[in-house]
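Input: a single structure, listed below in structure tokens.
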Amino acid sequence: MSAHLLPSDLKKSIDHAIANRPDGTLPYKKNTRKAVRQRNLRAAEWPDFQDIRRDVSERRQQDIDRLEELHLQLRENWKKNGIEVHEAKDALEAAATVEAIVRRAGADRILKSKSMLGEEIGLNEYLPQKGIVPVETDLGEFIVQLRGEPPSHITMPAMHLDREDVGRLFAEKLGVEYTDNPEELTRIARKVLRKEFLAAKVGLCGVNFAVAETGHLATVTNEGNGRMVTSLPRVVIAIMGWERVTRSLSELTLLWQMLSRSATGQRSTVYLNLTHGPTSDRIGPEEVHVIVVDNGRKQLWQDEELSSVLRCIRCGACLNVCPVYQQVGGHPYGGTYPGPIGAVLAPALFGLETAPDHPFASSLCGACEEICPVSIPLPKHLLTLRHRIIAMNAKKSDSLVWDGFSAMMKHEEFYRKILKGAETMQRILPQGMITSPAWGKGRATPRIAKQSFRDWYRENRGEDEKK
Amino acid sequence: MPRERKILPDSEWKIMKTIHLFIPCFVDQLFPKTGIATVRLLEAAGYKTTFPKAQTCCGQPAFNSGFWKQTAELAERFIRLFADAEYIVTPSASCAAMVRKHYHELDLSDDSKKLLESITPRLFELSEFLVQEANFNRIESRFPHRVAYHTSCHGFRELGILDQPLSLLRNVRGIDLVELDDNRRCCGFGGTFAVKFPAVSVAMGEDKIQAILDSGADVVTATDDSCLMHIEGIITRKKLPIRVLHYSRILAGEELLA
């Protein structure tokens, strides 16, 4: 189960978001579109970008197909490197494992670098209940944690805010003088966090990829916090989704470049942090733990129709390019993963019943698939999930509507008469009575033509004698 | 009703191949002029047309809503109706994509599956057909307007349609074709999405309309009357001076009434 609740009524949640949008430029609209433009620039730098993309997609799928085998190799290398391995079958088990390690280290605080899996297993809700304080060190995560809200994006946690929002937040929560200068804001956060870094006993990071041939744990970041979290504390915990394995270091460099270009439009991120294992020379951690989290992944791996979604490298490009996400940002989706990838991941990982509306919150425009660096057919998955959700538990009223629709469309005469009737109604009734409430708000209802095409054709080109 | 006046010159009728018109339900009922323009263009290109009158809906709305059993019933029916067609041409990219790209995902009878395979290569969106099959570019219409071309998602991303309608439109005399900012962004229609999530659907449409206004166009066109219906709905509500017209109607010489 996901830590942040999925809304029981997604339509209401999205409607509410639209109705309550502030005037002026919306940060999420501006930031997503900027990210897409930047990504497109970087993609255009490689004349053979589409070939590379196809190649990376195929190779990522090969890694996914070989996950069991790659995991065996990983375990061997982790053992060799002195990494302690823990398995967690669900969110609760994963969070409890973190708790146990923190307790054993005699700590009551844990320093975190950004991890979407950390969000998925609800660490920031679970640990405080057990008397452990999680401290976010990624600037965006630090900001949303101060606000007491989840991240609104996979790679840009605070992208729903502008710098004025952050300035006001820091003034209120940190007691500093208001400024909206990004550099100064960063300096303020840095000053707060520096003390935490130096005092930290336990650090926690996510894992973008674990490298099977060497056992390295790779994290891709743009701030120095990831490096500090994995090198300053005595005990380091890395949490990783079961599918985040790649075969080799050379494969990793390829994925890193695709991830950087797709996520932020950088040629490469500022850091690629590789954790190999504990060290005895006091410049690294003495203990390194990795927690491999299933939480629905192994069952999804067996699902032939949907398993390609495990290729996802969490770049967030599909969020940025999604015209729905651009309008509302991430929060109305609830849960951990918003946008198109979230609309597939939520029902596929946690069960159809947890997100029955999410796969429908898309115009199926296909921009997500087009931009995906690993070519996940997201619209196809959305359609598959729609079909499964309806097959499992269609609302009676919806079934009736579509049974009726099909019945009408199977009989041309019936279809013709019903629409003729509707045309007459439209003509004689006042406008207000013929406007469908779902269509009519903000949009005029289209009028049925007095003479349909088929009638024109019969009159002007004659009847088809056969049909 | 008087017989229609031929706007395009008579062709020499050399080829005399017959095209089965696939005029989707909503075009038939809401946008008959698009169907009429389709007939005129195909005739000008030297083809005969026939309209299998039992046709109704290809099933796309039911499919996108997750009701695949009901969709399959309509797909079987469609396949039977068009099984013996030499060419099938439709002025709706989205409906063409439904048949070509999604019918095979349905639970169809073995016979229908076999027929579908033979139909698929013979089914075209109108501009695809005119450019790729008919080599037709003898557009003789005049349309002295600034026209914004909206790239319909299904046409572009599922069928790769973009150059065909644009190259045809470029042959229209007096036309000033302009590109929209971020022209591949969805207009927000999305079929049943438009009624399931109307607020965000309209918000997306408003962004599209802003891009049209910014382009200075007084007409917006596309391969799909469905996108245009949604865009027009918002334009009408906002009382904006933008006209909405399927590209076939521009090609066939329809004139805008003042």
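Letters A, B, ... go to the chains of the structure tokens in the order shown; residues in each chain start at 1; ligands are counted from 1 in the same order.
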Which residues of chain A come within 6 Å of chain B, and what is each one's closest atom pair and distance in Å (one decimal), counting only C-alpha atoms, sorted by chain and residue number, as a tab-separated table?
```
residue	atom	partner	partner_atom	distance
A:Asp15	CA	B:Ala199	CA	5.7
A:Ser363	CA	B:Gly190	CA	3.9
A:Cys365	CA	B:Cys153	CA	5.2
A:Arg386	CA	B:Gly66	CA	4.7
A:His387	CA	B:Gly66	CA	3.9
A:Ile390	CA	B:Gly66	CA	5.7
A:Ser406	CA	B:Gln70	CA	5.8
A:Met409	CA	B:Thr56	CA	5.6
A:Glu412	CA	B:Ala54	CA	5.3
A:Ala438	CA	B:Val195	CA	5.1
A:Trp439	CA	B:Val195	CA	5.7
A:Arg443	CA	B:Gly233	CA	4.4
A:Ala444	CA	B:Gly233	CA	4.3
A:Ile448	CA	B:Leu30	CA	4.6
A:Ala449	CA	B:Leu30	CA	5.2
A:Ser452	CA	B:Gln29	CA	5.0
A:Phe453	CA	B:Pro32	CA	4.4
A:Lys467	CA	B:Pro52	CA	5.6
```
Exercise for the section: Write out as a list in words the residues lying within 12 Å of Leu72 of chain A, counting only C-alpha atoms and excluding same-chain residues fewer than 4 positions away. Expected result: Arg66, Leu67, Glu68, Glu76, Asn77, Trp78, Lys79, Val211, Ala212, Glu213, Gly215, Val245 and Arg247 of chain A
Find the residues around Leu169 of chain B up to 8 Å (only C-alpha atoms counted), leave out those fewer than 5 positions away in its own chain, and share them as a PDB file with N, CA, C and O atoms, in the first residue's frame.
```pdb
ATOM      1  N   ILE B 175      -3.955  30.945 -48.865  1.00  0.00           N
ATOM      2  CA  ILE B 175      -3.935  30.497 -47.475  1.00  0.00           C
ATOM      3  C   ILE B 175      -2.642  30.944 -46.801  1.00  0.00           C
ATOM      4  O   ILE B 175      -1.584  30.989 -47.412  1.00  0.00           O
ATOM      5  N   LEU B 177      -0.774  29.614 -43.788  1.00  0.00           N
ATOM      6  CA  LEU B 177      -0.712  28.554 -42.779  1.00  0.00           C
ATOM      7  C   LEU B 177       0.267  28.942 -41.679  1.00  0.00           C
ATOM      8  O   LEU B 177       1.411  29.260 -41.963  1.00  0.00           O
ATOM      9  N   TYR B 247     -10.032  20.237 -42.330  1.00  0.00           N
ATOM     10  CA  TYR B 247      -9.192  20.623 -43.471  1.00  0.00           C
ATOM     11  C   TYR B 247      -9.795  20.210 -44.818  1.00  0.00           C
ATOM     12  O   TYR B 247      -9.560  20.868 -45.842  1.00  0.00           O
ATOM     13  N   ILE B 250     -11.717  23.006 -46.340  1.00  0.00           N
ATOM     14  CA  ILE B 250     -10.880  24.063 -46.937  1.00  0.00           C
ATOM     15  C   ILE B 250     -10.408  23.608 -48.309  1.00  0.00           C
ATOM     16  O   ILE B 250     -10.463  24.356 -49.284  1.00  0.00           O
ATOM     17  N   LEU B 251      -9.988  22.345 -48.389  1.00  0.00           N
ATOM     18  CA  LEU B 251      -9.489  21.817 -49.662  1.00  0.00           C
ATOM     19  C   LEU B 251     -10.592  21.779 -50.712  1.00  0.00           C
ATOM     20  O   LEU B 251     -10.353  22.018 -51.893  1.00  0.00           O
TER      21      LEU B 251
END
```
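Here atom CA of Gly241 of chain A and atom CA of Val292 of chain A stand 5.9 Å from one another.
For Ala367 of chain A, the set of protein, DNA and RNA residues having any atom at most 10 Å away, when counting only C-alpha atoms and skipping those fewer than 4 positions along the same chain, is Ala317, Cys318, Leu319, Asn320, Val321, Cys322, Pro323, Pro340, Ile371, Cys372, Leu378 and Pro379 of chain A; Cys153, Arg157, Arg184, Arg185 and Cys186 of chain B.
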Exercise for the section: Could you pull out the residues in segment 31-221 of chain B that DSSP calls strand (DSSP E) from the backbone, as a ChimeraX atom specification? Expected result: /B:48-50,87-90,123-125,146-149,176-178,219-221
Handout entry: Separation of atom CA of Ile14 of chain A from atom CA of Pro332 of chain A in Å
Key = 5.6 Å
Problem - Neighbour list for Pro278 of chain A as a PyMOL selection string, cut-off 12 Å, only C-alpha atoms, skip fewer than 3 positions in-chain - result: chain A and resi 78-84+216+230-237+275+281-290
Exercise for the section: State, in Å with one decimal place, the distance from atom CA of Leu274 of chain A to atom CA of Asn208 of chain A. Expected result: 10.3 Å
Practice task
Pick out each residue of segment 105-161 of chain B that DSSP on the backbone tags as alpha helix (DSSP H); I need them as a PyMOL selection string.
Solution key: chain B and resi 110-119+126-128+153+159
Practice task
Could you tell me which of A:Ala210, A:Cys315, A:Met240, A:Leu204 comes closest to His276 of chain A if we count only C-alpha atoms?
Solution key: A:Ala210
Contacts of Lys113 of chain B within 9 Å, only C-alpha atoms, excl. fewer than 3 positions in-chain, as an mmCIF file with all heavy atoms, in the first residue's frame:
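Result file is around03.cif:
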```cif
data_model
loop_
_atom_site.group_PDB
_atom_site.id
_atom_site.type_symbol
_atom_site.label_atom_id
_atom_site.label_comp_id
_atom_site.auth_asym_id
_atom_site.auth_seq_id
_atom_site.Cartn_x
_atom_site.Cartn_y
_atom_site.Cartn_z
ATOM 1 N N GLU B 76 -16.781 -6.290 -34.956
ATOM 2 C CA GLU B 76 -17.170 -7.413 -35.826
ATOM 3 C C GLU B 76 -18.081 -6.903 -36.949
ATOM 4 O O GLU B 76 -17.948 -7.273 -38.114
ATOM 5 C CB GLU B 76 -17.949 -8.478 -35.029
ATOM 6 C CG GLU B 76 -17.201 -9.078 -33.852
ATOM 7 C CD GLU B 76 -16.546 -10.407 -34.177
ATOM 8 O OE1 GLU B 76 -16.549 -10.785 -35.370
ATOM 9 O OE2 GLU B 76 -16.016 -11.056 -33.250
ATOM 10 N N ILE B 79 -16.128 -4.762 -39.491
ATOM 11 C CA ILE B 79 -15.275 -5.591 -40.351
ATOM 12 C C ILE B 79 -16.108 -6.276 -41.437
ATOM 13 O O ILE B 79 -15.735 -6.302 -42.607
ATOM 14 C CB ILE B 79 -14.506 -6.623 -39.493
ATOM 15 C CG1 ILE B 79 -13.490 -5.897 -38.594
ATOM 16 C CG2 ILE B 79 -13.813 -7.659 -40.365
ATOM 17 C CD1 ILE B 79 -12.899 -6.759 -37.503
ATOM 18 N N TYR B 103 -8.194 -2.477 -33.093
ATOM 19 C CA TYR B 103 -9.128 -3.599 -33.269
ATOM 20 C C TYR B 103 -8.472 -4.933 -32.910
ATOM 21 O O TYR B 103 -9.093 -5.819 -32.357
ATOM 22 C CB TYR B 103 -9.633 -3.643 -34.721
ATOM 23 C CG TYR B 103 -10.951 -2.907 -34.947
ATOM 24 C CD1 TYR B 103 -11.431 -1.991 -34.022
ATOM 25 C CD2 TYR B 103 -11.710 -3.145 -36.096
ATOM 26 C CE1 TYR B 103 -12.628 -1.314 -34.242
ATOM 27 C CE2 TYR B 103 -12.921 -2.480 -36.318
ATOM 28 C CZ TYR B 103 -13.368 -1.559 -35.390
ATOM 29 O OH TYR B 103 -14.556 -0.909 -35.604
ATOM 30 N N HIS B 104 -7.196 -5.065 -33.233
ATOM 31 C CA HIS B 104 -6.549 -6.366 -33.002
ATOM 32 C C HIS B 104 -6.417 -6.697 -31.515
ATOM 33 O O HIS B 104 -6.147 -7.837 -31.151
ATOM 34 C CB HIS B 104 -5.174 -6.400 -33.689
ATOM 35 C CG HIS B 104 -4.153 -5.543 -33.013
ATOM 36 N ND1 HIS B 104 -3.324 -6.018 -32.016
ATOM 37 C CD2 HIS B 104 -3.845 -4.231 -33.156
ATOM 38 C CE1 HIS B 104 -2.541 -5.031 -31.591
ATOM 39 N NE2 HIS B 104 -2.847 -3.944 -32.270
ATOM 40 N N LEU B 108 -11.914 -10.958 -30.877
ATOM 41 C CA LEU B 108 -12.729 -11.114 -32.088
ATOM 42 C C LEU B 108 -12.757 -12.572 -32.540
ATOM 43 O O LEU B 108 -11.881 -13.362 -32.177
ATOM 44 C CB LEU B 108 -12.143 -10.255 -33.222
ATOM 45 C CG LEU B 108 -12.039 -8.752 -32.984
ATOM 46 C CD1 LEU B 108 -11.318 -8.083 -34.146
ATOM 47 C CD2 LEU B 108 -13.413 -8.124 -32.773
ATOM 48 N N SER B 109 -13.745 -12.915 -33.345
ATOM 49 C CA SER B 109 -13.799 -14.262 -33.909
ATOM 50 C C SER B 109 -12.622 -14.448 -34.867
ATOM 51 O O SER B 109 -12.059 -13.476 -35.373
ATOM 52 C CB SER B 109 -15.114 -14.453 -34.664
ATOM 53 O OG SER B 109 -15.085 -13.671 -35.841
ATOM 54 N N ASP B 110 -12.255 -15.701 -35.093
ATOM 55 C CA ASP B 110 -11.114 -15.969 -35.980
ATOM 56 C C ASP B 110 -11.347 -15.414 -37.378
ATOM 57 O O ASP B 110 -10.441 -14.866 -38.004
ATOM 58 C CB ASP B 110 -10.843 -17.481 -36.060
ATOM 59 C CG ASP B 110 -10.282 -17.987 -34.743
ATOM 60 O OD1 ASP B 110 -9.859 -17.137 -33.931
ATOM 61 O OD2 ASP B 110 -10.277 -19.209 -34.522
ATOM 62 N N LEU B 116 -9.836 -8.656 -40.727
ATOM 63 C CA LEU B 116 -9.238 -7.412 -40.232
ATOM 64 C C LEU B 116 -7.843 -7.224 -40.824
ATOM 65 O O LEU B 116 -7.481 -6.128 -41.252
ATOM 66 C CB LEU B 116 -9.174 -7.434 -38.707
ATOM 67 C CG LEU B 116 -8.453 -6.252 -38.040
ATOM 68 C CD1 LEU B 116 -9.169 -4.939 -38.328
ATOM 69 C CD2 LEU B 116 -8.339 -6.451 -36.526
ATOM 70 N N GLU B 117 -7.101 -8.312 -40.838
ATOM 71 C CA GLU B 117 -5.750 -8.238 -41.378
ATOM 72 C C GLU B 117 -5.752 -7.780 -42.834
ATOM 73 O O GLU B 117 -4.849 -7.064 -43.269
ATOM 74 C CB GLU B 117 -5.098 -9.616 -41.297
ATOM 75 C CG GLU B 117 -3.930 -9.675 -40.337
ATOM 76 C CD GLU B 117 -3.421 -11.093 -40.214
ATOM 77 O OE1 GLU B 117 -2.721 -11.535 -41.146
ATOM 78 O OE2 GLU B 117 -3.758 -11.755 -39.206
ATOM 79 N N SER B 118 -6.761 -8.202 -43.569
ATOM 80 C CA SER B 118 -6.804 -7.808 -44.981
ATOM 81 C C SER B 118 -7.363 -6.398 -45.161
ATOM 82 O O SER B 118 -7.045 -5.709 -46.122
ATOM 83 C CB SER B 118 -7.619 -8.829 -45.789
ATOM 84 O OG SER B 118 -8.993 -8.637 -45.560
#
```
Handout entry: Distance query Arg80 of chain B at most 9 Å, only C-alpha atoms, self and fewer than 5 positions along chain excluded, as a PyMOL selection string
Key = chain B and resi 75+112+115
Exercise for the section: Select, from A:Arg37, A:Arg227, A:Arg311, A:His331, the residue with the minimum atom-to-atom distance to Pro150 of chain A, counting only C-alpha atoms. Expected result: A:His331
